[in-house]
>>> print(open('final-v3.csv').read())   # CSV, N, CA and C atoms
chain,number,residue,atom,x,y,z
T,1,MET,N,11.7,29.9,0.8
T,1,MET,CA,10.5,29.5,0.1
T,1,MET,C,10.7,28.1,-0.5
T,2,LEU,N,11.8,27.9,-1.1
T,2,LEU,CA,12.1,26.6,-1.7
T,2,LEU,C,12.1,25.5,-0.7
T,3,LEU,N,12.7,25.8,0.5
T,3,LEU,CA,12.8,24.8,1.6
T,3,LEU,C,11.4,24.5,2.1
T,4,LEU,N,10.5,25.5,2.1
T,4,LEU,CA,9.1,25.2,2.5
T,4,LEU,C,8.4,24.3,1.5
T,5,ALA,N,8.6,24.5,0.2
T,5,ALA,CA,8.0,23.7,-0.8
T,5,ALA,C,8.5,22.3,-0.7
T,6,VAL,N,9.8,22.1,-0.5
T,6,VAL,CA,10.4,20.8,-0.4
T,6,VAL,C,9.8,20.1,0.9
T,7,GLY,N,9.7,20.8,2.0
T,7,GLY,CA,9.1,20.2,3.2
T,7,GLY,C,7.7,19.7,2.9
T,8,TRP,N,6.8,20.5,2.3
T,8,TRP,CA,5.5,20.1,2.0
T,8,TRP,C,5.4,18.9,1.0
T,9,LEU,N,6.4,18.9,0.1
T,9,LEU,CA,6.4,17.7,-0.8
T,9,LEU,C,6.8,16.5,-0.1
T,10,MET,N,7.7,16.5,0.9
T,10,MET,CA,8.0,15.4,1.7
T,10,MET,C,6.8,14.9,2.5
T,11,VAL,N,6.1,15.8,3.1
T,11,VAL,CA,4.9,15.5,3.9
T,11,VAL,C,3.8,14.8,3.0
T,12,LEU,N,3.6,15.3,1.8
T,12,LEU,CA,2.7,14.7,0.8
T,12,LEU,C,3.2,13.3,0.4
T,13,LEU,N,4.4,13.1,0.2
T,13,LEU,CA,5.0,11.8,-0.2
T,13,LEU,C,4.8,10.8,1.0
T,14,ARG,N,5.0,11.2,2.2
T,14,ARG,CA,4.8,10.3,3.3
T,14,ARG,C,3.3,9.9,3.5
T,15,ALA,N,2.5,10.9,3.3
T,15,ALA,CA,1.0,10.6,3.4
T,15,ALA,C,0.6,9.6,2.3
T,16,TYR,N,1.1,9.8,1.1
T,16,TYR,CA,0.8,8.9,0.0
T,16,TYR,C,1.3,7.5,0.3
T,17,ASP,N,2.5,7.4,0.8
T,17,ASP,CA,3.0,6.0,1.2
T,17,ASP,C,2.1,5.4,2.2
T,18,ARG,N,1.7,6.1,3.2
T,18,ARG,CA,0.9,5.5,4.3
T,18,ARG,C,-0.5,5.2,3.9
T,19,VAL,N,-1.1,6.0,3.0
T,19,VAL,CA,-2.5,5.8,2.7
T,19,VAL,C,-2.7,5.0,1.4
T,20,VAL,N,-2.2,5.5,0.3
T,20,VAL,CA,-2.4,4.9,-1.0
T,20,VAL,C,-1.7,3.6,-1.2
T,21,VAL,N,-0.4,3.5,-0.9
T,21,VAL,CA,0.4,2.3,-1.1
T,21,VAL,C,-0.1,1.2,-0.2
T,22,GLU,N,-0.4,1.6,1.1
T,22,GLU,CA,-0.9,0.6,2.0
T,22,GLU,C,-2.2,0.0,1.6
T,23,SER,N,-3.1,0.8,1.1
T,23,SER,CA,-4.4,0.4,0.6
T,23,SER,C,-4.3,-0.5,-0.6
T,24,ARG,N,-3.4,-0.2,-1.5
T,24,ARG,CA,-3.2,-1.0,-2.7
T,24,ARG,C,-2.6,-2.3,-2.3
T,25,GLN,N,-1.7,-2.4,-1.4
T,25,GLN,CA,-1.1,-3.6,-1.0
T,25,GLN,C,-2.1,-4.5,-0.3
T,26,ARG,N,-2.9,-3.9,0.5
T,26,ARG,CA,-4.0,-4.7,1.2
T,26,ARG,C,-5.0,-5.3,0.2
T,27,ALA,N,-5.4,-4.5,-0.7
T,27,ALA,CA,-6.3,-5.0,-1.8
T,27,ALA,C,-5.7,-6.1,-2.6
T,28,THR,N,-4.4,-5.9,-2.9
T,28,THR,CA,-3.7,-7.0,-3.7
T,28,THR,C,-3.6,-8.3,-2.9
T,29,ALA,N,-3.3,-8.1,-1.6
T,29,ALA,CA,-3.2,-9.3,-0.8
T,29,ALA,C,-4.5,-10.0,-0.7
T,30,TYR,N,-5.6,-9.2,-0.5
T,30,TYR,CA,-7.0,-9.8,-0.4
T,30,TYR,C,-7.3,-10.6,-1.7
T,31,TYR,N,-7.0,-10.0,-2.9
T,31,TYR,CA,-7.2,-10.6,-4.1
T,31,TYR,C,-6.5,-12.0,-4.2
T,32,ALA,N,-5.2,-11.9,-3.8
T,32,ALA,CA,-4.4,-13.1,-3.9
T,32,ALA,C,-4.9,-14.2,-2.9
T,33,ALA,N,-5.5,-13.8,-1.8
T,33,ALA,CA,-6.1,-14.7,-0.9
T,33,ALA,C,-7.3,-15.4,-1.5
T,34,ARG,N,-8.1,-14.6,-2.1
T,34,ARG,CA,-9.4,-15.1,-2.8
T,34,ARG,C,-9.0,-16.1,-3.9
T,35,VAL,N,-8.0,-15.7,-4.7
T,35,VAL,CA,-7.5,-16.6,-5.8
T,35,VAL,C,-7.1,-18.0,-5.2
T,36,ALA,N,-6.3,-17.9,-4.1
T,36,ALA,CA,-5.8,-19.1,-3.5
T,36,ALA,C,-7.0,-20.0,-3.0
T,37,LEU,N,-8.0,-19.4,-2.4
T,37,LEU,CA,-9.1,-20.1,-1.9
T,37,LEU,C,-9.9,-20.8,-3.0
T,38,VAL,N,-9.9,-20.2,-4.2
T,38,VAL,CA,-10.6,-20.8,-5.3
T,38,VAL,C,-9.7,-22.0,-5.9
T,39,HIS,N,-8.4,-21.8,-6.0
T,39,HIS,CA,-7.6,-22.7,-6.7
T,39,HIS,C,-7.1,-23.9,-5.9
T,40,LEU,N,-7.1,-23.8,-4.6
T,40,LEU,CA,-6.6,-24.9,-3.7
T,40,LEU,C,-7.8,-25.9,-3.6
T,41,SER,N,-7.5,-27.1,-4.0
T,41,SER,CA,-8.5,-28.2,-3.9
T,41,SER,C,-8.8,-28.7,-2.5
T,42,ALA,N,-7.7,-28.8,-1.7
T,42,ALA,CA,-7.9,-29.3,-0.4
T,42,ALA,C,-8.3,-28.1,0.5
T,43,PRO,N,-8.9,-28.4,1.7
T,43,PRO,CA,-9.4,-27.3,2.6
T,43,PRO,C,-8.2,-26.6,3.3
T,44,GLY,N,-7.0,-26.8,2.9
T,44,GLY,CA,-5.9,-26.1,3.5
T,44,GLY,C,-4.7,-26.3,2.6
T,45,GLY,N,-3.7,-25.5,2.8
T,45,GLY,CA,-2.5,-25.7,2.0
T,45,GLY,C,-1.8,-24.3,1.8
T,46,GLU,N,-0.9,-24.4,0.8
T,46,GLU,CA,0.0,-23.2,0.6
T,46,GLU,C,0.2,-23.1,-0.9
T,47,THR,N,0.2,-21.9,-1.4
T,47,THR,CA,0.4,-21.6,-2.8
T,47,THR,C,1.0,-20.3,-3.0
T,48,THR,N,1.5,-20.0,-4.2
T,48,THR,CA,2.1,-18.7,-4.6
T,48,THR,C,1.1,-18.1,-5.7
T,49,VAL,N,0.8,-16.9,-5.5
T,49,VAL,CA,-0.1,-16.2,-6.4
T,49,VAL,C,0.6,-14.9,-6.8
T,50,GLN,N,0.6,-14.7,-8.2
T,50,GLN,CA,1.2,-13.5,-8.7
T,50,GLN,C,0.0,-12.6,-9.1
T,51,VAL,N,0.1,-11.3,-8.6
T,51,VAL,CA,-0.9,-10.3,-9.0
T,51,VAL,C,-0.1,-9.1,-9.5
T,52,GLY,N,-0.1,-9.0,-10.8
T,52,GLY,CA,0.7,-8.0,-11.5
T,52,GLY,C,2.2,-8.2,-11.1
T,53,PRO,N,2.9,-7.2,-10.7
T,53,PRO,CA,4.3,-7.4,-10.4
T,53,PRO,C,4.5,-8.0,-9.0
T,54,ASP,N,3.4,-8.1,-8.2
T,54,ASP,CA,3.6,-8.6,-6.8
T,54,ASP,C,3.4,-10.1,-6.7
T,55,VAL,N,4.2,-10.8,-5.9
T,55,VAL,CA,4.1,-12.2,-5.7
T,55,VAL,C,3.8,-12.5,-4.3
T,56,TRP,N,2.7,-13.2,-4.0
T,56,TRP,CA,2.3,-13.5,-2.6
T,56,TRP,C,2.3,-15.0,-2.3
T,57,GLN,N,2.9,-15.3,-1.1
T,57,GLN,CA,2.8,-16.6,-0.6
T,57,GLN,C,1.6,-16.7,0.3
T,58,VAL,N,0.6,-17.5,-0.1
T,58,VAL,CA,-0.7,-17.6,0.6
T,58,VAL,C,-0.8,-18.9,1.3
T,59,THR,N,-1.1,-18.9,2.6
T,59,THR,CA,-1.3,-20.1,3.4
T,59,THR,C,-2.8,-20.1,3.8
T,60,VAL,N,-3.5,-21.2,3.5
T,60,VAL,CA,-4.9,-21.3,3.8
T,60,VAL,C,-5.1,-22.4,4.9
T,61,ASN,N,-5.8,-22.1,5.9
T,61,ASN,CA,-6.3,-23.2,6.8
T,61,ASN,C,-7.7,-22.8,7.2
T,62,ALA,N,-8.3,-23.6,8.1
T,62,ALA,CA,-9.8,-23.5,8.4
T,62,ALA,C,-10.1,-22.2,9.0
T,63,GLN,N,-9.2,-21.6,9.8
T,63,GLN,CA,-9.5,-20.4,10.6
T,63,GLN,C,-9.1,-19.1,9.8
T,64,GLU,N,-8.1,-19.1,9.0
T,64,GLU,CA,-7.6,-17.9,8.4
T,64,GLU,C,-6.9,-18.2,7.1
T,65,VAL,N,-6.8,-17.1,6.3
T,65,VAL,CA,-6.0,-17.1,5.1
T,65,VAL,C,-4.9,-16.0,5.3
T,66,LYS,N,-3.6,-16.4,5.2
T,66,LYS,CA,-2.5,-15.5,5.4
T,66,LYS,C,-1.8,-15.3,4.1
T,67,ALA,N,-1.6,-14.0,3.7
T,67,ALA,CA,-0.9,-13.6,2.5
T,67,ALA,C,0.3,-12.9,2.9
T,68,HIS,N,1.5,-13.4,2.5
T,68,HIS,CA,2.8,-12.8,2.8
T,68,HIS,C,3.5,-12.4,1.5
T,69,ALA,N,3.9,-11.1,1.4
T,69,ALA,CA,4.6,-10.6,0.2
T,69,ALA,C,5.9,-11.2,0.1
T,70,LYS,N,6.2,-11.8,-1.1
T,70,LYS,CA,7.6,-12.4,-1.3
T,70,LYS,C,8.6,-11.3,-1.3
T,71,LYS,N,8.3,-10.1,-1.9
T,71,LYS,CA,9.2,-9.0,-1.9
T,71,LYS,C,8.7,-7.9,-0.9
T,72,GLY,N,9.3,-7.9,0.2
T,72,GLY,CA,8.9,-6.9,1.2
T,72,GLY,C,8.5,-7.6,2.5
T,73,ARG,N,8.0,-6.9,3.5
T,73,ARG,CA,7.7,-7.4,4.8
T,73,ARG,C,6.2,-7.5,5.1
T,74,SER,N,5.4,-7.3,4.1
T,74,SER,CA,3.9,-7.2,4.4
T,74,SER,C,3.3,-8.6,4.5
T,75,THR,N,2.5,-8.7,5.6
T,75,THR,CA,1.7,-9.9,5.8
T,75,THR,C,0.3,-9.5,6.2
T,76,TYR,N,-0.7,-10.1,5.6
T,76,TYR,CA,-2.1,-9.8,5.9
T,76,TYR,C,-2.8,-11.1,6.2
T,77,THR,N,-3.7,-11.0,7.1
T,77,THR,CA,-4.5,-12.2,7.5
T,77,THR,C,-6.0,-11.8,7.3
T,78,PHE,N,-6.7,-12.8,6.7
T,78,PHE,CA,-8.1,-12.6,6.4
T,78,PHE,C,-8.9,-13.9,6.9
T,79,THR,N,-10.2,-13.7,7.2
T,79,THR,CA,-11.0,-14.9,7.5
T,79,THR,C,-11.6,-15.4,6.2
T,80,PRO,N,-11.7,-16.7,6.0
T,80,PRO,CA,-12.3,-17.2,4.8
T,80,PRO,C,-13.8,-17.1,4.7
>>> encode(input="final-v3.csv", output="structure tokens")
Amino acid sequence: MLLLAVGWLMVLLRAYDRVVVESRQRATAYYAARVALVHLSAPGGETTVQVGPDVWQVTVNAQEVKAHAKKGRSTYTFTP
């Protein structure tokens, strides 16, 4: 019975990581991209944006805005 409960707990933790953590990271990256668009004076460039504990390296050009997590391997691309 205990083994079954531990198994279900592991399934729930994996689902949480895939759904909730991924959604939060994407939303944070989107916010960092929007902040970079507002703060960069030139129509392109690169800046670092801190959103809470997360630090994002944001690159802006005419076709896309790319946000890369300084801590981790996450990279998201948005259209301006």
>>> atom_distance(input="final-v3.csv", atom1="atom CA of Val49 of chain T", atom2="atom C of Gln63 of chain T")
18.8 Å
>>> residues_around(input="final-v3.csv", residues="Glu46 of chain T", least_positions_apart="2", cutoff="8 Å", atoms="all atoms listed in the file", output="PyMOL selection string")
chain T and resi 36+40+44+48-49+57-61
>>> residues_near_point(input="final-v3.csv", point="(4.4, -6.6, -0.2)", cutoff="8 Å", atoms="only N, CA and C atoms", output="ChimeraX atom specification")
/T:25-26,29,54-56,68-75
>>> select_by_dssp(input="final-v3.csv", residues="chain T", states="strand (DSSP E or B)", output="PyMOL selection string")
chain T and resi 45-51+54-60+65-69+75-78
>>> select_by_dssp(input="final-v3.csv", residues="segment 14-52 of chain T", states="helix (DSSP H, G or I)", output="VMD selection string")
chain T and resid 14 to 39
>>> residues_around(input="final-v3.csv", residues="segment 76-78 of chain T", least_positions_apart="5", cutoff="5 Å", atoms="all atoms listed in the file", output="compact mmCIF listing (two decimals) with N, CA and C atoms, in the frame of the given file")
# COMPACT_ATOMS: atom_id res chain seq x y z
N GLU T 64 -8.10 -19.10 9.00
CA GLU T 64 -7.60 -17.90 8.40
C GLU T 64 -6.90 -18.20 7.10
N VAL T 65 -6.80 -17.10 6.30
CA VAL T 65 -6.00 -17.10 5.10
C VAL T 65 -4.90 -16.00 5.30
N LYS T 66 -3.60 -16.40 5.20
CA LYS T 66 -2.50 -15.50 5.40
C LYS T 66 -1.80 -15.30 4.10
N ALA T 67 -1.60 -14.00 3.70
CA ALA T 67 -0.90 -13.60 2.50
C ALA T 67 0.30 -12.90 2.90
>>> atom_distance(input="final-v3.csv", atom1="atom C of Pro80 of chain T", atom2="atom C of Ala62 of chain T")
7.6 Å
>>> closest_residue(input="final-v3.csv", among="T:Met1, T:Leu13, T:Thr47, T:Arg18", to="Val35 of chain T", atoms="only C-alpha atoms")
T:Thr47
>>> atom_distance(input="final-v3.csv", atom1="atom CA of Ser23 of chain T", atom2="atom CA of Trp8 of chain T")
22.1 Å
>>> residues_around(input="final-v3.csv", residues="Thr28 of chain T", least_positions_apart="6", cutoff="8 Å", atoms="all atoms listed in the file", output="PDB file with N, CA and C atoms, keeping the file's coordinate frame")
ATOM      1  N   GLU T  22      -0.400   1.600   1.100  1.00  0.00           N
ATOM      2  CA  GLU T  22      -0.900   0.600   2.000  1.00  0.00           C
ATOM      3  C   GLU T  22      -2.200   0.000   1.600  1.00  0.00           C
ATOM      4  N   ARG T  34      -8.100 -14.600  -2.100  1.00  0.00           N
ATOM      5  CA  ARG T  34      -9.400 -15.100  -2.800  1.00  0.00           C
ATOM      6  C   ARG T  34      -9.000 -16.100  -3.900  1.00  0.00           C
ATOM      7  N   VAL T  51       0.100 -11.300  -8.600  1.00  0.00           N
ATOM      8  CA  VAL T  51      -0.900 -10.300  -9.000  1.00  0.00           C
ATOM      9  C   VAL T  51      -0.100  -9.100  -9.500  1.00  0.00           C
ATOM     10  N   TRP T  56       2.700 -13.200  -4.000  1.00  0.00           N
ATOM     11  CA  TRP T  56       2.300 -13.500  -2.600  1.00  0.00           C
ATOM     12  C   TRP T  56       2.300 -15.000  -2.300  1.00  0.00           C
TER      13      TRP T  56
END
>>> decode(input="final-v3.csv", residues="segment 15-34 of chain T", atoms="N, CA, C and O atoms", output="compact mmCIF listing (two decimals), in the first residue's frame")
# COMPACT_ATOMS: atom_id res chain seq x y z
N ALA T 15 3.92 15.27 -13.20
CA ALA T 15 2.89 16.06 -13.88
C ALA T 15 3.00 17.53 -13.49
O ALA T 15 2.87 18.41 -14.33
N TYR T 16 3.25 17.81 -12.23
CA TYR T 16 3.43 19.18 -11.76
C TYR T 16 4.61 19.84 -12.47
O TYR T 16 4.53 20.98 -12.93
N ASP T 17 5.74 19.12 -12.56
CA ASP T 17 6.92 19.65 -13.24
C ASP T 17 6.64 19.95 -14.70
O ASP T 17 7.07 20.97 -15.23
N ARG T 18 5.92 19.08 -15.37
CA ARG T 18 5.65 19.27 -16.80
C ARG T 18 4.66 20.39 -17.06
O ARG T 18 4.79 21.12 -18.04
N VAL T 19 3.65 20.52 -16.23
CA VAL T 19 2.57 21.48 -16.50
C VAL T 19 2.80 22.82 -15.81
O VAL T 19 2.90 23.86 -16.45
N VAL T 20 2.89 22.81 -14.51
CA VAL T 20 2.93 24.06 -13.73
C VAL T 20 4.27 24.77 -13.87
O VAL T 20 4.31 25.97 -14.17
N VAL T 21 5.36 24.07 -13.69
CA VAL T 21 6.68 24.69 -13.75
C VAL T 21 6.95 25.22 -15.16
O VAL T 21 7.44 26.34 -15.35
N GLU T 22 6.59 24.43 -16.18
CA GLU T 22 6.79 24.87 -17.56
C GLU T 22 5.95 26.11 -17.88
O GLU T 22 6.44 27.06 -18.51
N SER T 23 4.71 26.15 -17.43
CA SER T 23 3.85 27.32 -17.66
C SER T 23 4.40 28.56 -16.97
O SER T 23 4.40 29.65 -17.54
N ARG T 24 4.88 28.38 -15.75
CA ARG T 24 5.43 29.51 -15.00
C ARG T 24 6.68 30.04 -15.69
O ARG T 24 6.86 31.25 -15.82
N GLN T 25 7.55 29.14 -16.15
CA GLN T 25 8.76 29.58 -16.83
C GLN T 25 8.45 30.32 -18.11
O GLN T 25 9.06 31.33 -18.41
N ARG T 26 7.50 29.82 -18.88
CA ARG T 26 7.13 30.46 -20.14
C ARG T 26 6.55 31.85 -19.87
O ARG T 26 6.86 32.81 -20.57
N ALA T 27 5.70 31.97 -18.86
CA ALA T 27 5.11 33.27 -18.53
C ALA T 27 6.19 34.25 -18.06
O ALA T 27 6.16 35.43 -18.42
N THR T 28 7.14 33.77 -17.27
CA THR T 28 8.23 34.63 -16.80
C THR T 28 9.11 35.08 -17.96
O THR T 28 9.52 36.23 -18.04
N ALA T 29 9.40 34.17 -18.89
CA ALA T 29 10.20 34.51 -20.07
C ALA T 29 9.47 35.54 -20.93
O ALA T 29 10.07 36.48 -21.45
N TYR T 30 8.15 35.39 -21.07
CA TYR T 30 7.37 36.34 -21.85
C TYR T 30 7.41 37.73 -21.21
O TYR T 30 7.58 38.74 -21.88
N TYR T 31 7.29 37.78 -19.89
CA TYR T 31 7.35 39.05 -19.18
C TYR T 31 8.73 39.70 -19.37
O TYR T 31 8.83 40.90 -19.62
N ALA T 32 9.80 38.89 -19.26
CA ALA T 32 11.15 39.42 -19.46
C ALA T 32 11.32 39.96 -20.88
O ALA T 32 11.94 41.00 -21.09
N ALA T 33 10.74 39.28 -21.86
CA ALA T 33 10.82 39.74 -23.25
C ALA T 33 10.09 41.07 -23.42
O ALA T 33 10.57 41.97 -24.10
N ARG T 34 8.93 41.21 -22.81
CA ARG T 34 8.17 42.47 -22.90
C ARG T 34 8.92 43.61 -22.22
O ARG T 34 8.95 44.73 -22.73
